[in-house]
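Shown here: start_15.cif, mmCIF, C-alpha atoms.
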```
data_query
#
loop_
_atom_site.label_atom_id
_atom_site.label_comp_id
_atom_site.auth_asym_id
_atom_site.auth_seq_id
_atom_site.Cartn_x
_atom_site.Cartn_y
_atom_site.Cartn_z
CA LYS A 1 6.27 17.35 9.30
CA ASN A 2 4.74 14.46 7.47
CA PRO A 3 7.55 12.67 5.55
CA MET A 4 5.05 11.78 2.83
CA ASP A 5 5.06 15.47 1.82
CA LEU A 6 8.83 15.61 1.38
CA ARG A 7 10.95 15.19 -1.72
CA PHE A 8 13.61 12.60 -0.93
CA VAL A 9 16.93 12.84 -2.71
CA PHE A 10 18.64 9.83 -1.16
CA CYS A 11 18.51 7.71 1.98
CA ILE A 12 21.33 6.35 4.10
CA PRO A 13 20.93 3.21 6.23
CA LEU A 14 22.32 3.54 9.73
CA HIS A 15 23.31 0.99 12.36
CA ARG A 16 20.42 0.28 14.71
CA ALA A 17 20.96 0.94 18.39
CA SER A 18 18.60 -0.20 21.12
CA ASN A 19 17.59 1.77 24.18
CA THR A 20 18.09 -0.52 27.16
CA ASP A 21 15.75 1.50 29.38
CA SER A 22 12.73 1.49 27.11
CA ALA A 23 13.69 -1.44 24.87
CA VAL A 24 12.68 0.70 21.89
CA HIS A 25 14.79 0.62 18.78
CA ALA A 26 16.11 3.98 17.64
CA PRO A 27 15.38 5.20 14.11
CA SER A 28 17.74 3.51 11.71
CA PHE A 29 17.41 5.39 8.43
CA LEU A 30 18.62 8.85 7.46
CA ALA A 31 16.61 10.61 4.74
CA VAL A 32 18.02 13.58 2.86
CA TRP A 33 15.86 15.88 0.76
CA VAL A 34 15.96 19.30 -0.85
CA ARG A 35 13.41 22.02 -0.32
CA LYS A 36 13.85 25.60 -1.51
CA ARG A 37 17.50 24.92 -2.34
CA ARG A 38 18.29 23.82 1.21
CA TYR A 39 19.25 20.37 2.41
CA PHE A 40 17.30 18.77 5.24
CA PHE A 41 17.89 15.58 7.18
CA MET A 42 15.52 13.36 9.14
CA LEU A 43 15.68 10.03 10.92
CA LEU A 44 12.94 7.63 9.88
CA SER A 45 11.21 4.99 11.95
CA LYS A 46 11.32 1.31 11.06
CA GLU A 47 7.88 1.49 9.39
CA THR A 48 8.73 4.53 7.27
CA LYS A 49 12.10 3.01 6.47
CA SER A 50 10.49 -0.04 4.92
CA GLN A 51 8.49 2.21 2.60
CA ALA A 52 11.44 4.47 1.73
CA ILE A 53 13.92 1.78 0.71
CA GLY A 54 11.25 0.04 -1.33
CA SER A 55 12.60 -2.72 -3.48
CA VAL A 56 16.11 -3.11 -2.04
CA ARG A 57 15.15 -6.21 -0.07
CA PHE A 58 13.54 -7.82 -3.13
CA PHE A 59 16.94 -8.28 -4.79
CA GLY A 60 17.54 -11.14 -2.38
CA ASN A 61 14.19 -12.77 -3.13
CA THR A 62 14.61 -15.56 -5.69
CA ARG A 63 10.93 -15.55 -6.66
CA VAL A 64 10.99 -11.80 -7.29
CA LEU A 65 14.09 -12.14 -9.47
CA ILE A 66 12.48 -14.95 -11.49
CA LEU A 67 9.29 -12.92 -11.90
CA SER A 68 11.36 -9.88 -12.92
CA ALA A 69 13.05 -11.98 -15.62
CA LEU A 70 9.60 -12.99 -16.87
CA PHE A 71 8.58 -9.32 -16.88
CA ILE A 72 11.64 -8.51 -19.00
CA ALA A 73 10.84 -11.32 -21.44
CA ALA A 74 7.19 -10.24 -21.71
CA SER A 75 8.21 -6.61 -22.32
CA ILE A 76 10.56 -7.70 -25.13
CA VAL A 77 7.83 -9.79 -26.79
CA LEU A 78 5.24 -7.01 -26.47
CA GLY A 79 7.61 -4.27 -27.61
CA LYS A 80 9.76 -5.93 -30.25
CA TYR A 81 7.59 -8.68 -31.72
CA LEU A 82 3.94 -7.70 -31.11
CA SER A 83 4.22 -3.99 -31.83
CA PHE A 84 2.99 -2.29 -34.98
CA THR A 85 3.78 1.01 -36.64
CA VAL A 86 1.36 3.69 -37.82
CA GLY A 87 3.21 6.29 -39.83
CA ALA A 88 6.25 7.21 -37.75
CA ILE A 89 4.70 6.08 -34.46
CA ARG A 90 5.31 2.63 -32.99
CA ILE A 91 2.47 1.29 -30.88
CA SER A 92 3.00 -1.41 -28.26
CA LEU A 93 2.37 -2.39 -24.66
CA GLU A 94 6.05 -2.92 -23.91
CA ASN A 95 5.80 -0.81 -20.75
CA LEU A 96 3.01 -2.90 -19.24
CA THR A 97 5.22 -5.37 -17.37
CA ILE A 98 7.78 -2.66 -16.57
CA LEU A 99 5.03 -0.70 -14.83
CA MET A 100 3.91 -3.84 -13.02
CA ALA A 101 7.45 -4.48 -11.78
CA GLY A 102 7.70 -0.98 -10.36
CA ILE A 103 4.24 -0.98 -8.77
CA MET A 104 4.62 -4.46 -7.29
CA PHE A 105 8.25 -4.42 -6.13
CA GLY A 106 9.34 -0.80 -5.94
CA PRO A 107 11.44 1.65 -7.97
CA LEU A 108 14.72 -0.27 -8.04
CA ILE A 109 13.22 -3.48 -9.42
CA GLY A 110 11.19 -1.37 -11.86
CA LEU A 111 14.35 0.42 -12.98
CA ALA A 112 16.23 -2.87 -13.45
CA VAL A 113 13.38 -4.42 -15.45
CA GLY A 114 13.02 -1.36 -17.68
CA VAL A 115 16.73 -1.09 -18.46
CA GLY A 116 17.11 -4.85 -18.88
CA ALA A 117 14.13 -5.11 -21.23
CA ASP A 118 15.41 -2.32 -23.48
CA ILE A 119 19.02 -3.49 -23.67
CA ILE A 120 18.28 -7.20 -24.11
CA GLY A 121 15.46 -6.48 -26.57
CA CYS A 122 17.73 -4.29 -28.72
CA LEU A 123 20.43 -6.97 -28.75
CA MET A 124 17.93 -9.67 -29.75
CA VAL A 125 16.48 -7.82 -32.72
CA GLY A 126 19.63 -5.98 -33.78
CA TYR A 127 18.66 -2.45 -32.79
CA THR A 128 21.31 0.06 -31.76
CA ILE A 129 21.25 0.68 -28.01
CA SER A 130 20.41 4.34 -27.38
CA PRO A 131 21.34 5.31 -23.80
CA ILE A 132 18.73 8.06 -23.44
CA ILE A 133 15.93 5.78 -24.65
CA THR A 134 17.21 3.06 -22.32
CA LEU A 135 17.14 5.63 -19.52
CA GLY A 136 13.54 6.42 -20.46
CA ALA A 137 12.60 2.75 -20.15
CA GLY A 138 14.27 2.68 -16.74
CA CYS A 139 12.40 5.84 -15.72
CA VAL A 140 9.09 4.15 -16.52
CA GLY A 141 9.85 1.39 -14.02
CA PHE A 142 11.52 3.64 -11.46
CA PHE A 143 8.86 6.35 -11.27
CA SER A 144 5.95 3.90 -11.35
CA GLY A 145 7.48 2.30 -8.26
CA LEU A 146 8.34 5.60 -6.60
CA PHE A 147 4.89 7.15 -7.01
CA SER A 148 3.17 3.90 -6.11
CA MET A 149 5.23 3.74 -2.92
CA PHE A 150 4.20 7.15 -1.57
CA LEU A 151 0.86 8.23 -3.11
CA PHE A 152 -2.65 7.08 -2.18
CA LYS A 153 -1.54 3.96 -0.32
CA LYS A 154 -5.09 3.36 0.94
CA ASN A 155 -6.72 3.73 -2.48
CA LYS A 156 -5.33 1.13 -4.87
CA THR A 157 -7.10 2.56 -7.93
CA LEU A 158 -5.69 6.08 -7.48
CA ASN A 159 -2.34 4.62 -6.50
CA ILE A 160 -2.02 2.70 -9.78
CA ALA A 161 -3.47 5.56 -11.86
CA PHE A 162 -0.96 8.14 -10.61
CA ALA A 163 1.92 5.68 -10.85
CA VAL A 164 1.15 4.87 -14.49
CA ALA A 165 0.55 8.52 -15.40
CA ALA A 166 3.75 9.80 -13.77
CA ALA A 167 5.84 7.01 -15.29
CA HIS A 168 4.62 7.72 -18.82
CA ILE A 169 4.90 11.51 -18.51
CA ILE A 170 8.50 11.33 -17.32
CA GLY A 171 9.76 8.19 -19.04
CA SER A 172 7.77 7.94 -22.28
CA MET A 173 6.71 11.49 -23.12
CA ILE A 174 9.81 13.39 -21.95
CA VAL A 175 12.93 11.20 -21.72
CA LYS A 176 12.22 8.78 -24.57
CA SER A 177 10.94 11.56 -26.83
CA TYR A 178 14.15 13.50 -26.23
CA GLY A 179 16.13 10.37 -27.04
CA LEU A 180 14.23 9.88 -30.30
CA HIS A 181 14.97 13.48 -31.24
CA VAL A 182 18.67 13.20 -30.40
CA TYR A 183 19.40 9.82 -31.99
CA TYR A 184 16.92 9.68 -34.86
CA GLY A 185 16.11 13.34 -35.50
CA SER A 186 12.39 12.81 -35.00
CA PRO A 187 10.58 16.12 -35.66
CA LEU A 188 8.63 17.88 -32.93
CA LYS A 189 5.29 17.24 -34.68
CA VAL A 190 5.86 13.50 -34.52
CA LEU A 191 6.99 13.64 -30.90
CA LEU A 192 3.88 15.59 -29.89
CA LEU A 193 1.79 12.70 -31.16
CA ARG A 194 3.31 10.60 -28.38
CA VAL A 195 1.30 12.56 -25.81
CA PRO A 196 -2.21 11.39 -26.90
CA LEU A 197 -0.69 8.00 -27.82
CA TYR A 198 0.53 7.35 -24.30
CA LEU A 199 -2.63 8.76 -22.79
CA ALA A 200 -4.46 5.98 -24.62
CA ILE A 201 -1.84 3.30 -23.97
CA GLY A 202 -1.54 4.35 -20.32
CA THR A 203 -5.31 4.02 -19.89
CA ILE A 204 -5.23 0.48 -21.30
CA GLU A 205 -2.28 -0.44 -19.07
CA PHE A 206 -4.00 1.04 -16.02
CA ILE A 207 -7.11 -1.07 -16.64
CA ILE A 208 -5.06 -4.26 -17.12
CA ILE A 209 -2.88 -3.67 -14.05
CA SER A 210 -5.91 -2.77 -11.91
CA LEU A 211 -7.71 -5.96 -12.92
CA ILE A 212 -4.64 -8.04 -12.15
CA MET A 213 -3.84 -6.37 -8.82
CA ASN A 214 -7.47 -6.61 -7.65
CA ASN A 215 -7.72 -10.30 -8.48
CA LYS A 216 -7.92 -12.20 -5.17
CA ALA A 217 -5.91 -15.20 -6.34
CA PHE A 218 -3.14 -12.96 -7.71
CA ALA A 219 -3.17 -10.81 -4.55
CA ALA A 220 -2.71 -13.90 -2.38
CA GLN A 221 0.32 -15.07 -4.40
CA TYR A 222 1.75 -11.55 -4.48
CA ASN A 223 1.54 -11.28 -0.68
CA ARG A 224 3.28 -14.64 -0.33
CA ILE A 225 6.15 -13.46 -2.52
CA CYS A 226 6.51 -10.16 -0.63
CA ARG A 227 6.63 -11.89 2.75
CA ARG A 228 9.65 -14.01 1.80
#
```

Target format structure tokens, applied to this file:
Amino acid sequence: KNPMDLRFVFCIPLHRASNTDSAVHAPSFLAVWVRKRRYFFMLLSKETKSQAIGSVRFFGNTRVLILSALFIAASIVLGKYLSFTVGAIRISLENLTILMAGIMFGPLIGLAVGVGADIIGCLMVGYTISPIITLGAGCVGFFSGLFSMFLFKKNKTLNIAFAVAAAHIIGSMIVKSYGLHVYYGSPLKVLLLRVPLYLAIGTIEFIIISLIMNNKAFAAQYNRICRR
């Protein structure tokens, strides 16, 4: 079966063993997923492994870590200092760089940037840290990276569109809205307004990210960073 159609729960790296007769490396990654309440296991090839583990290798890349810190700083500025409030709804592009981190470097970097931006931003402006809302920010980065990793790899426009949409549905519309209800008692009517709000914001973010990712100069620098 095509591993792209499977729902991965977690992956386990294995020691690589070489076949002396054929000089072909054996699969070195064990994927575990759940389907119809049953657990399944599969060994992945080197190529599929590199897609599955995503951003793990980027944690050792100094340039990626520096860029991630810049993404965190930009998210704090956009979310805490350049946002504005209409009624009970706060409008900002704080998720823009979190989405970019996930799409560019995978779900783990996206998760780290989202969580870091929310925690550091709250500490800087004196907000109370709300774990569920922080989780929602992490989900934005994680799921943008996860969906970008596996969907429409050959079509960059669809790839970015689905990544942004999935990240906002899960992170912004569901998890963060639940956090706002739990910690601040936001009524359901107000929370429902977040759906059209993030449809609009997500569209703007999709356009910006698409323009950036399709820029030839940016693409060249991005490829240089990923190769290190």

Residue among A:Phe71, A:Phe105, A:Phe84, A:Tyr198 lying closest to Ile169 in chain A, counting only C-alpha atoms: A:Tyr198

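If you apply the PyMOL selection byres ((chain A and resi 163) around 6) to this structure, you end up with A:Ser144, A:Phe147, A:Ser148, A:Ile160, A:Ala161, A:Phe162, A:Val164, A:Ala165, A:Ala166.
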
Near-range 125-129 of chain A list (8 Å; only C-alpha atoms; drop same-chain fewer than 6 positions) as a PyMOL selection string: chain A and resi 80+118-119

Residues near Ile132 in chain A, cut-off 9 Å, all atoms listed in the file, skip fewer than 2 positions along chain, as number ranges by chain: A: 130, 134-137, 175-176, 178-180, 182-183

Resolved residues for the PyMOL selection byres ((chain A and resi 210-218) around 12) as a ChimeraX atom specification: /A:96-97,99-101,103-104,155-161,163-164,202-209,219-225

Selection: 10 Å around Leu192 in chain A, only C-alpha atoms, excl. self and same-chain fewer than 5 positions, as a PyMOL selection string: chain A and resi 173+177+187+197

Write the residues of the selection above to a file with C-alpha atoms, as a PDB file, in the coordinates of the input.
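Final output, result-v2.pdb:
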```pdb
ATOM      1  CA  MET A 173       6.710  11.490 -23.120  1.00  0.00           C
ATOM      2  CA  SER A 177      10.940  11.560 -26.830  1.00  0.00           C
ATOM      3  CA  PRO A 187      10.580  16.120 -35.660  1.00  0.00           C
ATOM      4  CA  LEU A 197      -0.690   8.000 -27.820  1.00  0.00           C
TER       5      LEU A 197
END
```

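The residue that comes closest to Gly171 in chain A, out of A:Gly145, A:Leu151, A:Leu191, A:Ile133 and on the basis of all atoms listed in the file, is A:Ile133.
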
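CA of Ile72 in chain A lies 4.8 Å from CA of Ala117 in chain A.
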
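CA of Leu108 in chain A is positioned 14.3 Å from CA of Leu67 in chain A.
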
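Of the residues under consideration (A:Val190, A:Ala74, A:Leu199, A:Met124), A:Ala74 shows the shortest atom-to-atom contact distance to Ile98 in chain A when counting all atoms listed in the file.
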
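Distance annotation: of A:Gly110, A:Phe142, A:Cys122, A:Ile91, the residue with the minimal separation from Ile76 in chain A is A:Cys122; atom set is only C-alpha atoms.
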
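The space between CA of Ile109 in chain A and CA of Gly138 in chain A spans 9.6 Å.
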
Spatial neighbours of Leu78 in chain A, max dist 7 Å, all atoms listed in the file, sep filter under 6 positions, as a PyMOL selection string: chain A and resi 92-94

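Minimum distance to Val64 in chain A across A:Ile89, A:Ile201, A:Gly106, A:Leu82 (counting only C-alpha atoms) occurs at A:Gly106.
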
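The residue that comes closest to Phe150 in chain A, out of A:Pro107, A:Arg63, A:Ala200, A:Arg90 and on the basis of all atoms listed in the file, is A:Pro107.
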